[in-house]
file model_20.txt (compact mmCIF, C-alpha atoms)
# COMPACT_ATOMS: atom_id res chain seq x y z
CA MET A 1 132.90 97.97 120.33
CA ARG A 2 132.27 95.97 123.44
CA SER A 3 129.57 93.51 124.37
CA PHE A 4 126.81 93.80 126.94
CA SER A 5 128.39 93.04 130.29
CA LEU A 6 127.80 93.23 133.99
CA ILE A 7 128.72 96.93 133.96
CA ASP A 8 125.79 97.69 131.66
CA LEU A 9 123.46 95.73 133.87
CA VAL A 10 124.69 97.69 136.89
CA SER A 11 124.18 100.98 135.06
CA LEU A 12 120.59 99.95 134.24
CA VAL A 13 119.84 99.02 137.84
CA TYR A 14 121.49 102.27 138.95
CA ALA A 15 119.30 104.27 136.56
CA LEU A 16 116.28 102.46 137.98
CA GLN A 17 116.50 104.62 141.11
CA TRP A 18 115.71 107.71 139.01
CA THR A 19 112.66 105.94 137.61
CA VAL A 20 111.55 105.17 141.18
CA LEU A 21 112.30 108.75 142.26
CA LEU A 22 110.15 110.15 139.43
CA VAL A 23 107.27 107.87 140.41
CA LEU A 24 107.51 108.85 144.09
CA LEU A 25 107.77 112.54 143.18
CA ALA A 26 104.70 112.32 140.93
CA LEU A 27 102.73 110.54 143.65
CA ALA A 28 103.83 112.82 146.49
CA PHE A 29 102.76 115.99 144.68
CA GLY A 30 100.16 114.54 142.32
CA ALA A 31 98.03 112.66 144.86
CA PRO A 32 97.06 115.71 146.99
CA LEU A 33 96.30 117.64 143.81
CA ALA A 34 94.23 114.68 142.57
CA LEU A 35 92.22 114.67 145.81
CA LEU A 36 91.60 118.38 145.36
CA LEU A 37 90.45 117.83 141.75
CA ALA A 38 88.24 114.89 142.73
CA THR A 39 86.49 116.84 145.50
CA ALA A 40 86.14 119.91 143.27
CA ARG A 41 84.71 117.69 140.53
CA THR A 42 82.02 116.41 142.92
CA SER A 43 81.46 119.71 144.74
CA ARG A 44 78.11 121.46 145.18
CA PHE A 45 79.30 124.50 143.24
CA ALA A 46 78.87 124.26 139.49
CA ALA A 47 81.79 126.59 138.76
CA LEU A 48 84.20 124.38 140.72
CA ARG A 49 82.87 121.25 138.99
CA TRP A 50 83.36 122.79 135.56
CA LEU A 51 86.84 124.05 136.38
CA ALA A 52 87.99 120.65 137.66
CA ALA A 53 86.40 118.90 134.66
CA ALA A 54 88.22 121.25 132.30
CA VAL A 55 91.58 120.70 134.00
CA ILE A 56 91.14 116.91 133.94
CA GLN A 57 90.04 116.96 130.29
CA LEU A 58 92.97 119.15 129.33
CA ILE A 59 95.53 116.87 130.99
CA GLN A 60 93.95 113.72 129.57
CA GLY A 61 93.63 115.24 126.11
CA VAL A 62 97.31 115.93 125.58
CA PRO A 63 100.06 113.33 125.11
CA LEU A 64 102.31 112.85 128.13
CA LEU A 65 105.20 113.59 125.79
CA GLY A 66 103.59 116.93 124.96
CA LEU A 67 103.10 117.70 128.65
CA LEU A 68 106.77 116.97 129.28
CA PHE A 69 108.01 119.19 126.44
CA PHE A 70 105.53 121.93 127.32
CA PHE A 71 106.95 122.30 130.82
CA TYR A 72 110.53 121.49 129.91
CA PHE A 73 110.62 124.35 127.42
CA GLY A 74 107.80 126.37 129.00
CA MET A 75 109.26 126.92 132.47
CA PRO A 76 111.92 129.34 131.20
CA VAL A 77 109.23 131.17 129.20
CA PHE A 78 106.73 131.42 132.08
CA LEU A 79 109.13 132.18 134.89
CA ASP A 80 111.99 133.60 132.87
CA LEU A 81 114.47 131.41 134.69
CA GLN A 82 116.23 128.17 133.91
CA VAL A 83 114.99 125.37 136.17
CA PRO A 84 116.71 121.99 136.55
CA ALA A 85 115.31 119.24 134.30
CA LEU A 86 114.10 117.34 137.35
CA VAL A 87 111.80 120.22 138.35
CA ALA A 88 110.26 120.63 134.90
CA VAL A 89 109.84 116.89 134.45
CA GLY A 90 108.50 116.60 138.01
CA ILE A 91 105.83 119.21 137.34
CA ALA A 92 104.72 117.42 134.16
CA TYR A 93 104.41 114.05 135.95
CA THR A 94 102.66 115.68 138.91
CA LEU A 95 99.97 117.15 136.66
CA TYR A 96 99.69 113.87 134.71
CA THR A 97 99.15 111.98 137.97
CA ALA A 98 96.68 114.58 139.26
CA GLY A 99 94.64 114.47 136.05
CA PHE A 100 94.28 110.69 135.90
CA LEU A 101 94.03 109.94 139.64
CA GLY A 102 91.62 112.85 140.08
CA ASP A 103 89.29 111.28 137.53
CA ILE A 104 89.62 107.80 139.09
CA TRP A 105 88.86 109.11 142.57
CA ARG A 106 85.98 111.21 141.24
CA GLY A 107 84.49 107.94 140.00
CA GLY A 108 85.02 106.40 143.44
CA ILE A 109 83.28 109.27 145.22
CA GLN A 110 80.35 109.24 142.80
CA ALA A 111 79.96 105.47 143.14
CA VAL A 112 79.01 105.91 146.80
CA LYS A 113 75.25 106.37 146.92
CA PRO A 114 74.01 109.96 147.61
CA ALA A 115 71.86 108.56 150.42
CA GLN A 116 75.08 108.02 152.37
CA TRP A 117 75.77 111.77 152.35
CA GLU A 118 72.21 112.40 153.51
CA ALA A 119 72.52 109.82 156.26
CA GLY A 120 75.66 111.61 157.46
CA ALA A 121 73.86 114.96 157.37
CA CYS A 122 71.01 113.46 159.41
CA LEU A 123 73.55 112.47 162.07
CA GLY A 124 74.58 116.11 162.25
CA LEU A 125 77.99 115.69 160.62
CA SER A 126 79.48 118.61 158.72
CA SER A 127 80.20 118.12 154.99
CA TRP A 128 83.87 117.59 155.75
CA GLN A 129 83.03 115.03 158.45
CA GLN A 130 80.67 113.27 156.05
CA PHE A 131 83.47 113.02 153.50
CA ARG A 132 86.14 112.10 156.02
CA HIS A 133 84.24 109.38 157.90
CA ILE A 134 81.54 108.06 155.56
CA ILE A 135 82.20 108.74 151.87
CA GLY A 136 86.00 108.85 151.80
CA PRO A 137 86.71 105.37 153.19
CA GLN A 138 84.16 103.73 150.90
CA ALA A 139 85.38 105.68 147.86
CA LEU A 140 88.96 104.71 148.69
CA ARG A 141 88.04 101.02 148.80
CA LEU A 142 86.24 101.26 145.46
CA SER A 143 88.98 103.17 143.69
CA LEU A 144 91.97 101.25 145.03
CA PRO A 145 92.19 98.73 142.13
CA PRO A 146 92.18 101.37 139.36
CA THR A 147 94.59 103.48 141.42
CA VAL A 148 97.09 100.63 141.51
CA GLY A 149 96.40 100.14 137.80
CA PHE A 150 97.31 103.78 137.18
CA LEU A 151 100.53 103.28 139.12
CA VAL A 152 101.57 100.78 136.41
CA GLN A 153 100.71 103.37 133.75
CA LEU A 154 102.80 105.95 135.63
CA ILE A 155 105.84 103.67 135.93
CA LYS A 156 105.65 102.97 132.20
CA GLY A 157 105.15 106.68 131.58
CA THR A 158 108.39 107.63 133.31
CA SER A 159 110.20 106.05 130.36
CA LEU A 160 109.27 109.18 128.39
CA ALA A 161 111.50 111.33 130.61
CA SER A 162 114.35 109.75 128.63
CA ILE A 163 113.29 111.85 125.64
CA VAL A 164 114.07 115.16 127.34
CA GLY A 165 117.45 113.72 128.30
CA PHE A 166 116.64 112.57 131.82
CA VAL A 167 118.80 109.53 132.56
CA GLU A 168 116.35 106.99 133.97
CA LEU A 169 115.95 103.33 133.05
CA ALA A 170 114.88 103.79 129.40
CA ARG A 171 117.65 106.34 128.73
CA ALA A 172 120.28 104.12 130.35
CA GLY A 173 119.02 101.38 128.03
CA GLN A 174 119.52 103.62 124.98
CA VAL A 175 123.03 104.48 126.11
CA ALA A 176 123.96 100.85 126.73
CA SER A 177 122.40 99.84 123.40
CA ALA A 178 124.40 102.47 121.52
CA ALA A 179 127.63 101.46 123.26
CA THR A 180 127.27 97.71 122.75
CA PHE A 181 125.36 97.51 119.43
CA GLN A 182 123.21 94.84 121.04
CA PRO A 183 119.74 96.40 120.97
CA LEU A 184 117.92 93.07 121.28
CA LEU A 185 119.66 92.10 124.49
CA THR A 186 119.70 95.59 125.99
CA TYR A 187 116.09 96.51 125.32
CA SER A 188 114.96 93.05 126.40
CA VAL A 189 116.72 93.54 129.73
CA VAL A 190 115.17 97.01 130.08
CA ALA A 191 111.73 95.62 129.24
CA ALA A 192 112.26 92.79 131.72
CA ILE A 193 113.11 95.25 134.52
CA TYR A 194 109.96 97.29 133.80
CA PHE A 195 108.00 94.04 133.63
CA ALA A 196 109.35 92.90 137.00
CA LEU A 197 108.35 96.26 138.46
CA CYS A 198 104.85 96.39 136.94
CA LEU A 199 103.59 92.80 136.97
CA PRO A 200 103.27 92.52 140.78
CA LEU A 201 101.25 95.75 140.80
CA THR A 202 99.01 94.50 137.99
CA LEU A 203 98.41 91.23 139.81
CA TRP A 204 97.76 93.10 143.05
CA SER A 205 95.26 95.39 141.32
CA ARG A 206 93.47 92.36 139.90
CA SER A 207 93.26 90.54 143.23
CA LEU A 208 91.96 93.71 144.92
CA GLU A 209 89.30 94.00 142.25
CA ALA A 210 88.22 90.37 142.67
CA ARG A 211 88.07 90.76 146.44
CA LEU A 212 86.02 93.96 146.27
CA ASN A 213 83.58 92.43 143.81
CA GLY A 214 83.02 89.52 146.13
CA ALA A 215 82.33 91.85 149.05
CA ARG A 216 79.54 93.71 147.30
CA MET B 1 106.50 134.19 122.87
CA ASN B 2 106.29 134.35 119.13
CA PHE B 3 103.92 132.15 117.18
CA GLN B 4 104.28 134.01 113.90
CA GLN B 5 107.24 132.01 112.63
CA LEU B 6 105.27 128.78 112.94
CA TRP B 7 102.75 129.94 110.37
CA ARG B 8 105.16 129.07 107.54
CA TYR B 9 105.22 125.46 108.64
CA GLN B 10 101.51 124.74 108.44
CA ASP B 11 102.09 122.18 105.67
CA GLN B 12 104.29 120.14 108.01
CA LEU B 13 101.71 120.41 110.76
CA VAL B 14 98.89 119.25 108.49
CA GLU B 15 100.97 116.38 107.12
CA GLY B 16 102.01 115.34 110.62
CA THR B 17 98.40 115.40 111.77
CA LEU B 18 97.34 113.22 108.84
CA ILE B 19 100.12 110.71 109.52
CA THR B 20 99.14 110.63 113.20
CA LEU B 21 95.54 109.91 112.21
CA ALA B 22 96.66 107.20 109.77
CA LEU B 23 98.88 105.58 112.40
CA THR B 24 96.05 105.68 114.95
CA LEU B 25 93.44 104.20 112.61
CA ILE B 26 95.76 101.45 111.31
CA ALA B 27 96.74 100.44 114.84
CA ALA B 28 93.12 100.62 116.03
CA CYS B 29 91.84 98.39 113.19
CA ALA B 30 94.68 95.88 113.40
CA GLY B 31 94.46 95.92 117.20
CA LEU B 32 90.73 95.29 117.07
CA VAL B 33 91.28 92.25 114.82
CA ILE B 34 93.88 90.99 117.31
CA GLY B 35 91.40 91.70 120.09
CA LEU B 36 88.56 89.71 118.50
CA LEU B 37 90.79 86.76 117.52
CA GLY B 38 92.57 86.76 120.88
CA ALA B 39 89.38 86.87 122.89
CA ALA B 40 87.87 84.06 120.79
CA LEU B 41 90.99 81.92 121.29
CA LEU B 42 91.01 82.68 125.02
CA ARG B 43 87.51 81.22 125.22
CA SER B 44 87.93 78.20 123.01
CA GLY B 45 91.67 77.63 122.40
CA SER B 46 93.78 74.86 123.89
CA ARG B 47 95.76 75.39 127.08
CA PRO B 48 99.11 76.31 125.43
CA VAL B 49 97.33 78.77 123.12
CA ARG B 50 95.57 80.41 126.06
CA LEU B 51 98.84 80.60 127.96
CA ALA B 52 100.57 82.19 124.97
CA ILE B 53 97.83 84.82 124.64
CA ARG B 54 97.88 85.57 128.36
CA SER B 55 101.66 86.07 128.32
CA TYR B 56 101.36 88.32 125.26
CA ILE B 57 98.81 90.48 127.09
CA GLU B 58 100.86 90.70 130.28
CA ILE B 59 104.13 91.47 128.49
CA ILE B 60 102.58 94.28 126.46
CA ARG B 61 100.62 95.75 129.35
CA ASN B 62 103.52 95.75 131.79
CA THR B 63 106.27 97.25 129.63
CA PRO B 64 106.46 100.84 128.30
CA SER B 65 105.30 101.27 124.72
CA LEU B 66 108.40 103.36 124.03
CA ILE B 67 110.54 100.27 124.67
CA GLN B 68 108.16 98.18 122.54
CA ILE B 69 108.61 100.58 119.62
CA PHE B 70 112.41 100.52 120.09
CA LEU B 71 112.43 96.73 120.19
CA ILE B 72 110.45 96.44 116.94
CA PHE B 73 112.40 99.17 115.17
CA PHE B 74 115.96 98.36 116.27
CA VAL B 75 115.74 94.61 116.72
CA LEU B 76 113.80 93.30 113.74
CA PRO B 77 116.56 94.37 111.30
CA SER B 78 118.96 91.98 113.02
CA PHE B 79 116.59 89.18 111.97
CA GLY B 80 116.77 90.42 108.39
CA LEU B 81 113.41 92.19 108.50
CA LYS B 82 114.05 95.88 108.05
CA LEU B 83 110.89 97.93 108.46
CA PRO B 84 110.69 101.67 107.73
CA ALA B 85 109.91 103.82 110.78
CA PHE B 86 106.21 104.28 110.03
CA GLU B 87 105.62 100.55 109.46
CA ALA B 88 107.62 99.60 112.57
CA ALA B 89 105.63 102.07 114.67
CA ALA B 90 102.36 100.78 113.16
CA VAL B 91 103.29 97.18 114.04
CA ALA B 92 104.33 98.11 117.59
CA LEU B 93 101.22 100.19 118.23
CA SER B 94 98.96 97.48 116.75
CA LEU B 95 100.47 94.91 119.10
CA TYR B 96 100.08 97.41 121.95
CA PHE B 97 96.44 98.17 121.18
CA GLY B 98 95.70 94.50 120.50
CA ALA B 99 96.65 93.47 124.04
CA TYR B 100 94.21 95.96 125.54
CA ALA B 101 91.57 95.13 122.92
CA ILE B 102 91.64 91.43 123.88
CA GLU B 103 90.93 92.36 127.49
CA ILE B 104 88.15 94.74 126.48
CA VAL B 105 86.45 92.21 124.17
CA ARG B 106 86.83 89.48 126.79
CA ALA B 107 85.25 91.72 129.45
CA GLY B 108 82.38 92.45 127.07
CA LEU B 109 81.70 88.77 126.38
CA GLU B 110 81.91 87.92 130.09
CA SER B 111 79.43 90.66 130.93
CA ILE B 112 76.64 88.65 129.27
CA PRO B 113 75.05 86.27 131.80
CA PRO B 114 74.94 82.63 130.61
CA SER B 115 71.18 82.54 131.21
CA GLN B 116 70.75 85.06 128.41
CA ILE B 117 72.62 82.78 126.00
CA GLU B 118 70.53 79.82 127.13
CA ALA B 119 67.40 81.87 126.54
CA GLY B 120 68.54 82.44 122.97
CA GLN B 121 69.20 78.73 122.48
CA CYS B 122 65.73 77.94 123.83
CA LEU B 123 64.27 80.12 121.07
CA GLY B 124 65.92 77.78 118.58
CA LEU B 125 68.60 80.19 117.40
CA THR B 126 71.79 78.74 115.93
CA ARG B 127 75.13 79.36 117.65
CA TRP B 128 75.93 82.15 115.24
CA GLN B 129 72.49 83.73 115.63
CA VAL B 130 72.84 83.66 119.43
CA PHE B 131 76.21 85.37 119.13
CA ARG B 132 75.05 87.90 116.54
CA HIS B 133 71.72 88.89 118.09
CA VAL B 134 71.91 88.00 121.79
CA VAL B 135 75.53 88.33 122.85
CA LEU B 136 77.15 90.88 120.55
CA PRO B 137 74.89 93.96 120.82
CA PRO B 138 74.77 94.19 124.64
CA ALA B 139 78.44 93.17 124.92
CA LEU B 140 79.44 95.96 122.54
CA ARG B 141 77.33 98.41 124.46
CA ASN B 142 78.93 97.41 127.76
CA VAL B 143 82.52 97.88 126.59
CA TYR B 144 82.00 100.82 124.23
CA PRO B 145 83.19 103.43 126.79
CA ALA B 146 86.30 101.36 127.63
CA PHE B 147 87.07 101.02 123.94
CA THR B 148 86.76 104.74 123.25
CA SER B 149 89.04 105.74 126.14
CA GLN B 150 91.60 103.15 125.05
CA PHE B 151 91.38 104.62 121.55
CA THR B 152 92.17 108.06 122.99
CA LEU B 153 95.20 106.64 124.80
CA LEU B 154 96.30 105.09 121.51
CA LEU B 155 95.92 108.40 119.66
CA LEU B 156 98.06 110.15 122.29
CA GLY B 157 100.46 107.20 122.35
CA THR B 158 101.27 107.57 118.64
CA SER B 159 103.40 110.56 119.73
CA LEU B 160 106.00 107.99 120.83
CA ALA B 161 106.49 107.01 117.19
CA SER B 162 108.32 110.33 116.82
CA GLN B 163 111.26 108.69 118.62
CA VAL B 164 111.92 106.47 115.61
CA ALA B 165 111.19 109.40 113.24
CA ALA B 166 107.90 108.03 111.91
CA GLY B 167 106.97 111.48 110.55
CA GLU B 168 103.81 111.94 112.63
CA LEU B 169 102.71 115.13 114.36
CA PHE B 170 105.21 115.11 117.21
CA HIS B 171 108.04 114.42 114.80
CA ALA B 172 106.84 117.32 112.64
CA GLY B 173 107.05 119.38 115.83
CA SER B 174 110.68 118.52 116.44
CA PHE B 175 111.45 119.28 112.78
CA ILE B 176 109.90 122.75 113.06
CA GLU B 177 111.65 123.28 116.38
CA SER B 178 115.01 122.53 114.79
CA ARG B 179 114.30 125.18 112.13
CA THR B 180 112.84 127.95 114.28
CA TYR B 181 114.30 127.32 117.77
CA ARG B 182 110.85 128.26 119.08
CA SER B 183 110.63 125.16 121.29
CA PHE B 184 107.89 126.26 123.64
CA GLU B 185 105.64 127.73 120.95
CA VAL B 186 106.01 124.65 118.76
CA TYR B 187 105.06 122.18 121.49
CA ALA B 188 102.21 124.40 122.71
CA VAL B 189 100.75 124.29 119.19
CA ILE B 190 101.35 120.52 118.93
CA CYS B 191 99.58 119.96 122.26
CA ALA B 192 96.66 122.08 121.07
CA ILE B 193 96.33 120.01 117.88
CA TYR B 194 96.34 116.75 119.86
CA PHE B 195 93.74 118.18 122.21
CA ALA B 196 91.54 119.22 119.28
CA MET B 197 91.83 115.71 117.79
CA VAL B 198 90.92 114.08 121.10
CA MET B 199 87.87 116.33 121.53
CA ALA B 200 86.77 115.72 117.94
CA PHE B 201 87.01 111.93 118.39
CA LYS B 202 85.15 112.18 121.70
CA ALA B 203 82.30 114.01 119.98
CA VAL B 204 82.22 111.51 117.10
CA PHE B 205 82.26 108.53 119.48
CA ALA B 206 79.51 110.06 121.61
CA ALA B 207 77.37 110.57 118.49
CA ILE B 208 78.03 107.01 117.26
CA GLY B 209 77.21 105.68 120.74
CA LEU B 210 73.92 107.59 120.86
CA LEU B 211 72.90 106.41 117.39
CA THR B 212 73.98 102.77 117.79
CA PHE B 213 72.88 101.95 121.31
CA ARG B 214 69.39 103.35 121.31
CA TRP B 215 67.48 100.39 122.73
CA PRO B 216 66.45 100.86 126.36
CA VAL B 217 67.97 98.72 129.11
CA ARG B 218 66.59 97.75 132.47
CA ARG B 219 69.20 97.40 135.17

call {"tool": "encode", "arguments": {"input": "model_20.txt", "output": "structure tokens"}}
result
Amino acid sequence: MRSFSLIDLVSLVYALQWTVLLVLLALAFGAPLALLLATARTSRFAALRWLAAAVIQLIQGVPLLGLLFFFYFGMPVFLDLQVPALVAVGIAYTLYTAGFLGDIWRGGIQAVKPAQWEAGACLGLSSWQQFRHIIGPQALRLSLPPTVGFLVQLIKGTSLASIVGFVELARAGQVASAATFQPLLTYSVVAAIYFALCLPLTLWSRSLEARLNGAR
Amino acid sequence: MNFQQLWRYQDQLVEGTLITLALTLIAACAGLVIGLLGAALLRSGSRPVRLAIRSYIEIIRNTPSLIQIFLIFFVLPSFGLKLPAFEAAAVALSLYFGAYAIEIVRAGLESIPPSQIEAGQCLGLTRWQVFRHVVLPPALRNVYPAFTSQFTLLLLGTSLASQVAAGELFHAGSFIESRTYRSFEVYAVICAIYFAMVMAFKAVFAAIGLLTFRWPVRR
């Protein structure tokens, strides 16, 4: 038995890069998908709206842990081939991000008054131009605070990848805790690292919200 | 794919579902009490008390609940307080839900304009009557949607209690998986049960909302 030392701290910080990688991966693939879901959810065609609503409801109605296991064990069943853990986990986080961000951005788009669309149409803009130049920027402004808020939820959510054996921050914490028999110290350090990562984002989200409220 | 083998384990699935529901309801009730007390203290407590509550909220909201559950389960025994897995998970999830509940209750109270409270006082109502009849009903109505979606997140979050073997639905899933080696099928069924629970609660909450908040509002 050894005690918690600098080496453990280094291993935690080293594992942090996998946490960051997961977050970036989820955002890179999840955000475009979320935009697609949000536009489908507010589209003129009822079938598209229903489909997007169903997808969002399905993702939000299942635990993230379930989503992770579903794809971790499901990929070999669907595709009949063994994929690396990173791919399976990446798909789960991508869908998770798409489901929640899609709903947040849907709210942003719907919060812009319908008259704005009509005003754009009166100027002779196509529906895409209306979205791109009139609705989109306003919706983005409105949904920025909850988007940053979701980012915090996503960072915290990456800790679940530890359960399928992915060595990110939480998993490195478990390993260090098992090696040192100092769970209090180890998990406190892990919690502190997550806290240091998330608190600035939370504060940023709050200040954005205050600023936007003042502007309206 | 082969779902047939799972049929034998329906008892485990039912028991796991019941434990998940129990965990959710305990954490929701305890969290709500924390939320009401915390919000009241945030409004009227002294500076150190307010600071303590604010730090509690920020610590809980900015760290993963998985780590919170680990901290409660693995760390409390070293202080001589050894909690069984279910109790430890219930405590951790109550603290988790409480932090969000404080914010929700606070937002509800702040959504009532002071002029409305003054109007109540002008009618000669006591402080309690103002709170009970003027502040509480519209405040509840304003934060009801936020509360229900936080409740859903709590229900899904109880799955993390499986990591300390609290015996809830997800833990039942890993037990069945270890017996049948039908990993994908097991977790597909588990996900379906969670989804059914979420939809059922959504329907119940929508019905309660419709029945409770029937008075018209002018905005």

call {"tool": "closest_residue", "arguments": {"input": "model_20.txt", "among": "A:Pro137, A:Gly61, A:Pro32, A:Gly66", "to": "Ile163 of chain A", "atoms": "all atoms listed in the file"}}
result
A:Gly66

call {"tool": "interface_residues", "arguments": {"input": "model_20.txt", "of": "chain B", "to": "chain A", "cutoff": "6 Å", "atoms": "only C-alpha atoms", "output": "MDAnalysis selection string"}}
result
chainID B and resid 62:64 75 156 184 187 191 194:195 198

call {"tool": "residues_around", "arguments": {"input": "model_20.txt", "residues": "Ala200 of chain B", "least_positions_apart": "6", "cutoff": "12 Å", "atoms": "only C-alpha atoms", "output": "compact mmCIF listing (two decimals) with C-alpha atoms, keeping the file's coordinate frame"}}
result
# COMPACT_ATOMS: atom_id res chain seq x y z
CA GLY A 61 93.63 115.24 126.11
CA LEU B 21 95.54 109.91 112.21
CA THR B 152 92.17 108.06 122.99
CA LEU B 155 95.92 108.40 119.66
CA ILE B 193 96.33 120.01 117.88
CA TYR B 194 96.34 116.75 119.86
CA ALA B 206 79.51 110.06 121.61
CA ALA B 207 77.37 110.57 118.49

call {"tool": "residues_around", "arguments": {"input": "model_20.txt", "residues": "Phe147 of chain B", "least_positions_apart": "5", "cutoff": "10 Å", "atoms": "only C-alpha atoms", "output": "number ranges by chain"}}
result
B: 28, 32, 100-101, 104-105, 140, 142, 152-153, 205

call {"tool": "write_last_selection", "arguments": {"input": "model_20.txt", "atoms": "C-alpha atoms", "output": "compact mmCIF listing (two decimals), in the frame of the given file"}}
result
# COMPACT_ATOMS: atom_id res chain seq x y z
CA ALA B 28 93.12 100.62 116.03
CA LEU B 32 90.73 95.29 117.07
CA TYR B 100 94.21 95.96 125.54
CA ALA B 101 91.57 95.13 122.92
CA ILE B 104 88.15 94.74 126.48
CA VAL B 105 86.45 92.21 124.17
CA LEU B 140 79.44 95.96 122.54
CA ASN B 142 78.93 97.41 127.76
CA THR B 152 92.17 108.06 122.99
CA LEU B 153 95.20 106.64 124.80
CA PHE B 205 82.26 108.53 119.48

call {"tool": "closest_residue", "arguments": {"input": "model_20.txt", "among": "A:Arg171, A:Arg132, A:Arg106, A:Arg141", "to": "Thr42 of chain A", "atoms": "only C-alpha atoms"}}
result
A:Arg106

call {"tool": "atom_distance", "arguments": {"input": "model_20.txt", "atom1": "atom CA of Ser143 of chain A", "atom2": "atom CA of Arg106 of chain B"}}
result
21.9 Å

call {"tool": "decode", "arguments": {"input": "model_20.txt", "residues": "segment 53-72 of chain A", "atoms": "N, CA and C atoms", "output": "PDB file, in the first residue's frame"}}
result
ATOM      1  N   ALA A  53     -39.387  15.260 -32.717  1.00  0.00           N
ATOM      2  CA  ALA A  53     -39.888  15.230 -31.336  1.00  0.00           C
ATOM      3  C   ALA A  53     -39.691  13.845 -30.739  1.00  0.00           C
ATOM      4  N   ALA A  54     -39.963  12.811 -31.546  1.00  0.00           N
ATOM      5  CA  ALA A  54     -39.826  11.438 -31.051  1.00  0.00           C
ATOM      6  C   ALA A  54     -38.367  11.128 -30.727  1.00  0.00           C
ATOM      7  N   VAL A  55     -37.460  11.539 -31.624  1.00  0.00           N
ATOM      8  CA  VAL A  55     -36.035  11.269 -31.387  1.00  0.00           C
ATOM      9  C   VAL A  55     -35.580  11.964 -30.104  1.00  0.00           C
ATOM     10  N   ILE A  56     -35.962  13.244 -29.950  1.00  0.00           N
ATOM     11  CA  ILE A  56     -35.553  14.005 -28.759  1.00  0.00           C
ATOM     12  C   ILE A  56     -36.115  13.350 -27.496  1.00  0.00           C
ATOM     13  N   GLN A  57     -37.402  12.972 -27.557  1.00  0.00           N
ATOM     14  CA  GLN A  57     -38.042  12.366 -26.392  1.00  0.00           C
ATOM     15  C   GLN A  57     -37.369  11.041 -26.023  1.00  0.00           C
ATOM     16  N   LEU A  58     -37.010  10.287 -27.051  1.00  0.00           N
ATOM     17  CA  LEU A  58     -36.381   8.987 -26.819  1.00  0.00           C
ATOM     18  C   LEU A  58     -35.031   9.172 -26.122  1.00  0.00           C
ATOM     19  N   ILE A  59     -34.227  10.120 -26.616  1.00  0.00           N
ATOM     20  CA  ILE A  59     -32.900  10.330 -26.035  1.00  0.00           C
ATOM     21  C   ILE A  59     -33.018  10.859 -24.609  1.00  0.00           C
ATOM     22  N   GLN A  60     -33.998  11.766 -24.403  1.00  0.00           N
ATOM     23  CA  GLN A  60     -34.134  12.360 -23.069  1.00  0.00           C
ATOM     24  C   GLN A  60     -34.837  11.426 -22.097  1.00  0.00           C
ATOM     25  N   GLY A  61     -35.456  10.352 -22.605  1.00  0.00           N
ATOM     26  CA  GLY A  61     -36.210   9.480 -21.731  1.00  0.00           C
ATOM     27  C   GLY A  61     -35.446   8.244 -21.296  1.00  0.00           C
ATOM     28  N   VAL A  62     -34.171   8.202 -21.630  1.00  0.00           N
ATOM     29  CA  VAL A  62     -33.357   7.029 -21.313  1.00  0.00           C
ATOM     30  C   VAL A  62     -32.139   7.517 -20.542  1.00  0.00           C
ATOM     31  N   PRO A  63     -31.702   6.784 -19.503  1.00  0.00           N
ATOM     32  CA  PRO A  63     -30.517   7.268 -18.773  1.00  0.00           C
ATOM     33  C   PRO A  63     -29.284   7.287 -19.676  1.00  0.00           C
ATOM     34  N   LEU A  64     -28.419   8.253 -19.455  1.00  0.00           N
ATOM     35  CA  LEU A  64     -27.178   8.323 -20.239  1.00  0.00           C
ATOM     36  C   LEU A  64     -26.403   7.020 -20.119  1.00  0.00           C
ATOM     37  N   LEU A  65     -26.461   6.433 -18.929  1.00  0.00           N
ATOM     38  CA  LEU A  65     -25.781   5.159 -18.697  1.00  0.00           C
ATOM     39  C   LEU A  65     -26.348   4.079 -19.617  1.00  0.00           C
ATOM     40  N   GLY A  66     -27.682   4.093 -19.785  1.00  0.00           N
ATOM     41  CA  GLY A  66     -28.334   3.139 -20.673  1.00  0.00           C
ATOM     42  C   GLY A  66     -27.916   3.348 -22.116  1.00  0.00           C
ATOM     43  N   LEU A  67     -27.854   4.621 -22.518  1.00  0.00           N
ATOM     44  CA  LEU A  67     -27.419   4.970 -23.872  1.00  0.00           C
ATOM     45  C   LEU A  67     -26.013   4.433 -24.125  1.00  0.00           C
ATOM     46  N   LEU A  68     -25.137   4.623 -23.143  1.00  0.00           N
ATOM     47  CA  LEU A  68     -23.752   4.166 -23.278  1.00  0.00           C
ATOM     48  C   LEU A  68     -23.693   2.658 -23.453  1.00  0.00           C
ATOM     49  N   PHE A  69     -24.404   1.918 -22.581  1.00  0.00           N
ATOM     50  CA  PHE A  69     -24.369   0.459 -22.645  1.00  0.00           C
ATOM     51  C   PHE A  69     -25.013  -0.033 -23.924  1.00  0.00           C
ATOM     52  N   PHE A  70     -26.105   0.635 -24.342  1.00  0.00           N
ATOM     53  CA  PHE A  70     -26.832   0.237 -25.539  1.00  0.00           C
ATOM     54  C   PHE A  70     -25.896   0.233 -26.741  1.00  0.00           C
ATOM     55  N   PHE A  71     -25.092   1.297 -26.877  1.00  0.00           N
ATOM     56  CA  PHE A  71     -24.218   1.366 -28.045  1.00  0.00           C
ATOM     57  C   PHE A  71     -22.930   0.571 -27.846  1.00  0.00           C
ATOM     58  N   TYR A  72     -22.480   0.509 -26.603  1.00  0.00           N
ATOM     59  CA  TYR A  72     -21.260  -0.238 -26.329  1.00  0.00           C
ATOM     60  C   TYR A  72     -21.453  -1.717 -26.670  1.00  0.00           C
TER      61      TYR A  72
END
